[in-house]
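Chemist: Quick one: the structure is below, and I'll ask about it shortly.
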Amino acid sequence: MNDRVGLKHGAGGRAMRALIEEVFLALAQPVDGIGLSALDDGAALRVGDRFLVITTDSHVVHPIFFPGGDIGRLAVSGTVNDLAMMGATEPLGLTCAVVIEEGFPRPDLVRIRDSILDASREAGAPVVTGDTKVMGKGELDGIILNTAGVGFADRVVTDAGLRPGDRLILTGTVGDHGFAIMTRRHALELEGDLRSDVAPVNGLVRQALRAGGEEVVAMKDPTRGGLASTLHEMAQKAGVGIVLEDAAVPMTAEVRAAAEVLGIDPYHVANEGKAVIGVRPGAAERVLSALRAHPLGRRAAVVATAIAERPGSVILDTGLGRRLLAEIEGEPLPRIC
Amino acid sequence: MADLFQELKFRDPGRARALSQAIHREVKAVGRVPIPLMHVCGSHEQAIARFGLRAVLPRELEVIMGPGCPVCITDTPEVDEAVALAADGKVVCTYGDMLRLPGASRSLADVQAEGGRVEVVYSVAQAVEIAARNPEAEVVFFASGFETTAVATAAVVLSGLPPNLSILSAHKYVPAAMEVVAELKETNIQGFIAAGHAATITGWGIFEPFVRKTGTPVVVAGFEPLDVLAAILKCVELVRAGKAEVANCYPRCVTREGNRPAQEKLWKVFRVADGVWRGIASVPRGNLELRDSFASHNARHRFRIDIARVGGQEKNLLAEKCLCGLIMSGLKTPRDCELFGKECRPESPVGACMVSSEGACKIWHLYGGLPDLREVGT
């Protein structure tokens, strides 16, 4: 084990999973439901005949304001979406803890608060308690937001429920958040409208669950590490292979062009308003239509299939050939920087 | 903005399927197996790996990457020269891939971490700017690449260098890359796929003497997946017909004569010289050296470079297991290397092929390694 934590340990890929397994997994204890040992998007604890789903997420982002959103919208969406991925699409409430660097502009703080309020209304997830700390200049970089959320689920959907033959639906275009942040962060002057997709998707997921019922068997949101990491995790946990069809993955022309120019795989960058939904083959069309009827799911598509061969691997069918889709090692960096 | 990339005709799956089927037919018609073909270009390997093309090729057809990564074949003493110059207080400018290339004991990245001035540039023109901005400093451009980048170096040299800028050339010459492999009995390469961008400058005619000498066909190829598949098909056709000739499958860019003004510049500044390529051997006519008329801007003439000072003493046990030399000669693949993906990864490379984005190991690692996916998920 390396004796220092590196940035790659926070990038959502292999290195981060290894760090969590080597250090934090020791905290896991048996619970009635789904606890830490499942390393899922959140926990689900049995309360009567239902499950209380709990999740928490800390948010740091550079820049704080970016095309399509800001850290406030991100903090609400991240937690609401993690709840939704476990089947809790009607959050009871959110906490919001904020750590602020000395000297942080007050108008920016107000702007972030307004954005939190908008997103929480959009998601139907009120902020019900919070915490505020200020730290000295240089002790942190701007602002850190932590949100936690709770909600009930009648049926918990894990990220491990796939079996061979199941279809995987992506609820919209891939790569929007990652490229919007990256072009802003590295001041890359690319033409076109690269906007983050950051949004609470609990309403969208609710539609999928209503349409698919018990035939919705696995869900995960492709945030850090991108679609590649998400599919790897789903394949490994379920012991299936996954074949991703390149041509089927919805992508904006802007993202496609940015990916080509920067030499960065759009499957490796974060999405903040998307879900990967695994369904039994018979339910795929039904769930797809339900998703497409929702404003956030218009470009939803079946993008992958679970297979029995190569358990734990993700195979990319490029339309021209096939290869394994690698997980990202660290932070994706544009090659021109 | 129209969805340009979706519409790219050189990535059309239907055409790819047709080409793949034709390749299967041709390979069968050849009648003897295996048929090893070699390309000598990192960009070709990127296209093959990224689009997963090996999965649609017949098992009997081996498409091997040869010494096509100019960074990877840059020899240890060449790196040591740059390391010595940087350690000696010179400002060393070079391309990003060269930064972590291991020398005998240190890379340029190591010298940089120790406080040496090493600047990553994207073009030789940037080195000129750095020299002009720092007239008090001695600036050295550590130049690497095949003819494609050598031409850029030549053009800048001819346009007049600032007095404080010199060139440390590690430029390599493509035809030599093919000759060195063709001479190796063990490889038995039946046909070569030549790099279209270098041929844009040199012209495809440059391969005619090679074909006459070796009796091995050469096909010039572009870099889109359909370019590569079409070139492979053409190469197998030539193998089947027993025709030793040069075929140009990249006519939208490459002519027989090539880019004459670029060649004139190239040969005005450089001459071919025998060299040693990392992991391979001494390669006749393998290096591009500055001509004597530019001696005052040749770092090797201008400075006394003492590489013994930066040489390595301790033996690197991992490096002894590294197969980069055999991989670059086409005798092994990254799959044969016990370090690949374990001790040797892009963030902690053992060998040169894991350092450069043109190196076989780095490319394979990026695109998921190379399991056999011919029959999976179909």
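Letters A, B, ... mark the chains of the structure tokens in the order given; residue numbers begin at 1 per chain; ligand numbers begin at 1, in order shown.
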Enumerate as JSON, numbers by chain all residues of region 179-248 of chain A assigned to alpha helix (DSSP H) by DSSP on the backbone, naming them with the chain letters and numbers the document uses.

Modeler: {"A": [179, 180, 181, 182, 183, 184, 185, 202, 203, 204, 205, 206, 207, 208, 209, 210, 211, 212, 226, 227, 228, 229, 230, 231, 232, 233, 234, 235, 236, 237, 238]}

Chemist: Neighbouring residues of Ser313 (chain A) were defined as those with any atom within 8 Å, considering only C-alpha atoms; residues of the same chain fewer than 3 positions away were excluded. Please report them as a ChimeraX atom specification.

Modeler: /A:232,235-236,240-242,310,324-325

Chemist: Near region 132-145 of chain A, within 9 Å and counting only C-alpha atoms, which residues show up once chain neighbours fewer than 5 positions away are dropped, as a PyMOL selection string?

Modeler: chain A and resi 57-61+64+71-72+75+96-104

Chemist: Write the selection just made, keeping N, CA and C atoms, as a PDB file, in the first residue's frame?

Modeler:
ATOM      1  N   ASP A  57     -22.656  13.011   0.577  1.00  0.00           N
ATOM      2  CA  ASP A  57     -21.728  13.318  -0.507  1.00  0.00           C
ATOM      3  C   ASP A  57     -21.108  14.690  -0.247  1.00  0.00           C
ATOM      4  N   SER A  58     -19.791  14.790  -0.366  1.00  0.00           N
ATOM      5  CA  SER A  58     -19.136  16.094  -0.242  1.00  0.00           C
ATOM      6  C   SER A  58     -18.787  16.601  -1.634  1.00  0.00           C
ATOM      7  N   HIS A  59     -18.908  17.913  -1.788  1.00  0.00           N
ATOM      8  CA  HIS A  59     -18.715  18.462  -3.132  1.00  0.00           C
ATOM      9  C   HIS A  59     -17.660  19.556  -3.143  1.00  0.00           C
ATOM     10  N   VAL A  60     -16.666  19.345  -3.977  1.00  0.00           N
ATOM     11  CA  VAL A  60     -15.705  20.397  -4.284  1.00  0.00           C
ATOM     12  C   VAL A  60     -15.653  20.436  -5.798  1.00  0.00           C
ATOM     13  N   VAL A  61     -15.708  21.586  -6.372  1.00  0.00           N
ATOM     14  CA  VAL A  61     -15.643  21.641  -7.829  1.00  0.00           C
ATOM     15  C   VAL A  61     -14.943  22.923  -8.245  1.00  0.00           C
ATOM     16  N   ILE A  64     -16.379  26.960  -9.326  1.00  0.00           N
ATOM     17  CA  ILE A  64     -17.589  26.815  -8.516  1.00  0.00           C
ATOM     18  C   ILE A  64     -18.837  27.061  -9.362  1.00  0.00           C
ATOM     19  N   ILE A  71     -21.870  24.705  -7.795  1.00  0.00           N
ATOM     20  CA  ILE A  71     -21.642  23.723  -6.737  1.00  0.00           C
ATOM     21  C   ILE A  71     -22.918  23.450  -5.928  1.00  0.00           C
ATOM     22  N   GLY A  72     -23.802  24.452  -5.836  1.00  0.00           N
ATOM     23  CA  GLY A  72     -25.043  24.264  -5.085  1.00  0.00           C
ATOM     24  C   GLY A  72     -25.963  23.259  -5.754  1.00  0.00           C
ATOM     25  N   ALA A  75     -24.499  19.813  -5.449  1.00  0.00           N
ATOM     26  CA  ALA A  75     -24.600  19.171  -4.132  1.00  0.00           C
ATOM     27  C   ALA A  75     -25.986  18.566  -3.917  1.00  0.00           C
ATOM     28  N   CYS A  96     -27.468  20.112   4.800  1.00  0.00           N
ATOM     29  CA  CYS A  96     -26.498  20.863   4.005  1.00  0.00           C
ATOM     30  C   CYS A  96     -25.452  21.469   4.930  1.00  0.00           C
ATOM     31  N   ALA A  97     -24.241  20.946   4.862  1.00  0.00           N
ATOM     32  CA  ALA A  97     -23.145  21.485   5.655  1.00  0.00           C
ATOM     33  C   ALA A  97     -22.201  22.218   4.722  1.00  0.00           C
ATOM     34  N   VAL A  98     -21.760  23.394   5.170  1.00  0.00           N
ATOM     35  CA  VAL A  98     -20.906  24.186   4.297  1.00  0.00           C
ATOM     36  C   VAL A  98     -19.650  24.622   5.056  1.00  0.00           C
ATOM     37  N   VAL A  99     -18.503  24.413   4.428  1.00  0.00           N
ATOM     38  CA  VAL A  99     -17.235  24.878   4.982  1.00  0.00           C
ATOM     39  C   VAL A  99     -16.717  25.949   4.030  1.00  0.00           C
ATOM     40  N   ILE A 100     -16.494  27.150   4.571  1.00  0.00           N
ATOM     41  CA  ILE A 100     -16.176  28.298   3.717  1.00  0.00           C
ATOM     42  C   ILE A 100     -14.777  28.807   4.042  1.00  0.00           C
ATOM     43  N   GLU A 101     -14.057  29.188   3.026  1.00  0.00           N
ATOM     44  CA  GLU A 101     -12.739  29.774   3.236  1.00  0.00           C
ATOM     45  C   GLU A 101     -12.893  31.249   3.588  1.00  0.00           C
ATOM     46  N   GLU A 102     -12.118  31.698   4.544  1.00  0.00           N
ATOM     47  CA  GLU A 102     -12.074  33.111   4.921  1.00  0.00           C
ATOM     48  C   GLU A 102     -11.865  33.964   3.665  1.00  0.00           C
ATOM     49  N   GLY A 103     -12.690  34.991   3.516  1.00  0.00           N
ATOM     50  CA  GLY A 103     -12.538  35.874   2.363  1.00  0.00           C
ATOM     51  C   GLY A 103     -13.429  35.504   1.184  1.00  0.00           C
ATOM     52  N   PHE A 104     -14.209  34.454   1.340  1.00  0.00           N
ATOM     53  CA  PHE A 104     -15.081  34.034   0.237  1.00  0.00           C
ATOM     54  C   PHE A 104     -16.133  35.110  -0.014  1.00  0.00           C
TER      55      PHE A 104
END

Chemist: Find the spatial neighbours of region 152-160 of chain B, counting only C-alpha atoms, within a cut-off of 6 Å - ignore same-chain residues fewer than 2 positions away - and output them as a ChimeraX atom specification.

Modeler: /B:149-150,265-266,269

Chemist: Store the residues picked out above in a file with C-alpha atoms, as an mmCIF file, in the first residue's frame.

Modeler:
data_model
loop_
_atom_site.group_PDB
_atom_site.id
_atom_site.type_symbol
_atom_site.label_atom_id
_atom_site.label_comp_id
_atom_site.auth_asym_id
_atom_site.auth_seq_id
_atom_site.Cartn_x
_atom_site.Cartn_y
_atom_site.Cartn_z
ATOM 1 C CA THR B 149 8.544 16.471 -36.968
ATOM 2 C CA ALA B 150 12.089 16.614 -38.383
ATOM 3 C CA LYS B 265 14.337 21.669 -46.219
ATOM 4 C CA LEU B 266 14.754 18.337 -44.435
ATOM 5 C CA VAL B 269 19.427 20.633 -42.471
#

Chemist: Calculated over only C-alpha atoms, which of the candidates A:Leu168, A:Val201, A:Val76, A:Val128 has the smallest distance to Thr147 (chain A)?

Modeler: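 So, comparing all the options, the nearest one is A:Val76.
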
Chemist: Would you kindly return, as a PyMOL selection string, each protein, DNA or RNA residue with an atom no farther than 7 Å from any atom of region 211-216 of chain A, considering only C-alpha atoms and excluding same-chain residues fewer than 5 positions away?

Modeler: chain A and resi 278-280+283+286-287+290

Chemist: Determine, counting only C-alpha atoms, which protein, DNA and RNA residues have an atom within 8 Å of an atom of Pro284 (chain B); residues of the same chain fewer than 3 positions away are not included. Present the result as a ChimeraX atom specification.

Modeler: /B:176,273-275

Chemist: Measuring atom to atom with only C-alpha atoms, identify which of A:Arg298, A:Ser289, A:Ile112, A:Gly192 is nearest to chain B.

Modeler: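 The shortest atom-to-atom distance to chain B comes from A:Gly192.
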
Chemist: Could you give me, as a tab-separated table, a per-residue list for chain A showing, wherever an atom lies at most 10 Å from an atom of chain B, the closest pair of atoms and their distance in Å to one decimal, using only C-alpha atoms and sorting by chain then residue number from low to high?

Modeler:
residue	atom	partner	partner_atom	distance
A:Glu191	CA	B:Met1	CA	9.5
A:Gly192	CA	B:Met1	CA	7.6
A:Asp193	CA	B:Met1	CA	9.8
A:Gly241	CA	B:Gly377	CA	8.8
A:Ile242	CA	B:Gly377	CA	8.6
A:Val243	CA	B:Gly377	CA	6.7
A:Leu244	CA	B:Gly377	CA	9.9
A:Asp246	CA	B:Phe51	CA	9.9
A:Ala247	CA	B:Gln6	CA	8.6
A:Met251	CA	B:Asp3	CA	9.7
A:Thr252	CA	B:Asp3	CA	8.0
A:Ala253	CA	B:Asp3	CA	5.0
A:Glu254	CA	B:Met1	CA	7.8
A:Arg256	CA	B:Phe5	CA	7.2
A:Ala257	CA	B:Phe5	CA	7.3
A:Glu260	CA	B:Phe5	CA	8.8
A:Asp265	CA	B:Leu366	CA	9.9
A:Thr305	CA	B:Gly377	CA	9.0
A:Ala306	CA	B:Gly377	CA	9.1
A:Ile307	CA	B:Gly377	CA	6.9
A:Ala308	CA	B:Gly377	CA	8.9
A:Glu309	CA	B:Val376	CA	7.0
A:Arg310	CA	B:Val376	CA	8.0
A:Ser313	CA	B:Gly368	CA	9.6
A:Val314	CA	B:Gly368	CA	9.1
A:Ile315	CA	B:Gly377	CA	8.1
A:Leu316	CA	B:Gly52	CA	8.1
A:Asp317	CA	B:Gly52	CA	7.7
A:Thr318	CA	B:Phe51	CA	5.6
A:Gly319	CA	B:Pro13	CA	5.3
A:Leu320	CA	B:Pro13	CA	5.2
A:Gly321	CA	B:Gly52	CA	4.4
A:Arg322	CA	B:Gly52	CA	4.3
A:Arg323	CA	B:Gly52	CA	4.6
A:Leu324	CA	B:Gly368	CA	4.6
A:Leu325	CA	B:Gly368	CA	5.3
A:Ala326	CA	B:Gly368	CA	4.4
A:Glu327	CA	B:Gly368	CA	8.0
A:Ile328	CA	B:Leu366	CA	8.6
A:Glu329	CA	B:Glu347	CA	8.5
A:Gly330	CA	B:Glu347	CA	9.0
A:Arg335	CA	B:Gly96	CA	9.2
A:Ile336	CA	B:Tyr122	CA	8.1
A:Cys337	CA	B:Gly96	CA	9.5

Chemist: Keeping C-alpha atoms for every residue in the selection just given, could you write it to a file as a short mmCIF file (atom, residue, chain, number, x, y, z; two decimals), in the first residue's frame?

Modeler:
data_model
loop_
_atom_site.label_atom_id
_atom_site.label_comp_id
_atom_site.auth_asym_id
_atom_site.auth_seq_id
_atom_site.Cartn_x
_atom_site.Cartn_y
_atom_site.Cartn_z
CA GLU A 191 -16.44 26.48 -29.89
CA GLY A 192 -19.95 25.27 -29.25
CA ASP A 193 -22.13 25.00 -26.22
CA GLY A 241 -19.80 -9.12 -18.73
CA ILE A 242 -21.22 -5.99 -20.32
CA VAL A 243 -21.10 -5.16 -24.02
CA LEU A 244 -21.44 -1.43 -24.67
CA ASP A 246 -20.56 2.71 -29.15
CA ALA A 247 -23.04 3.76 -31.82
CA MET A 251 -23.75 12.14 -27.27
CA THR A 252 -23.97 15.79 -28.27
CA ALA A 253 -21.91 16.89 -31.27
CA GLU A 254 -20.08 19.30 -28.93
CA ARG A 256 -17.97 14.30 -29.48
CA ALA A 257 -15.84 17.06 -30.96
CA GLU A 260 -11.75 14.02 -30.24
CA ASP A 265 -12.62 9.35 -23.74
CA THR A 305 -26.29 -5.77 -22.77
CA ALA A 306 -25.16 -8.06 -19.97
CA ILE A 307 -23.55 -11.32 -21.07
CA ALA A 308 -22.39 -14.46 -19.28
CA GLU A 309 -18.90 -14.39 -20.79
CA ARG A 310 -16.00 -12.36 -19.41
CA SER A 313 -15.30 -6.93 -17.97
CA VAL A 314 -16.77 -4.20 -20.10
CA ILE A 315 -16.43 -4.76 -23.82
CA LEU A 316 -16.83 -1.85 -26.19
CA ASP A 317 -18.31 -2.67 -29.58
CA THR A 318 -17.00 0.21 -31.69
CA GLY A 319 -19.12 -0.73 -34.69
CA LEU A 320 -15.83 -1.42 -36.45
CA GLY A 321 -14.46 -3.93 -33.96
CA ARG A 322 -14.39 -4.76 -30.26
CA ARG A 323 -12.07 -4.02 -27.37
CA LEU A 324 -12.14 -3.82 -23.62
CA LEU A 325 -13.17 -0.50 -22.16
CA ALA A 326 -10.55 0.50 -19.61
CA GLU A 327 -11.37 2.22 -16.36
CA ILE A 328 -9.85 5.60 -15.79
CA GLU A 329 -6.73 5.59 -13.63
CA GLY A 330 -6.64 9.17 -12.40
CA ARG A 335 -3.37 16.18 -23.81
CA ILE A 336 -2.75 19.77 -24.81
CA CYS A 337 -2.11 20.81 -21.20
#
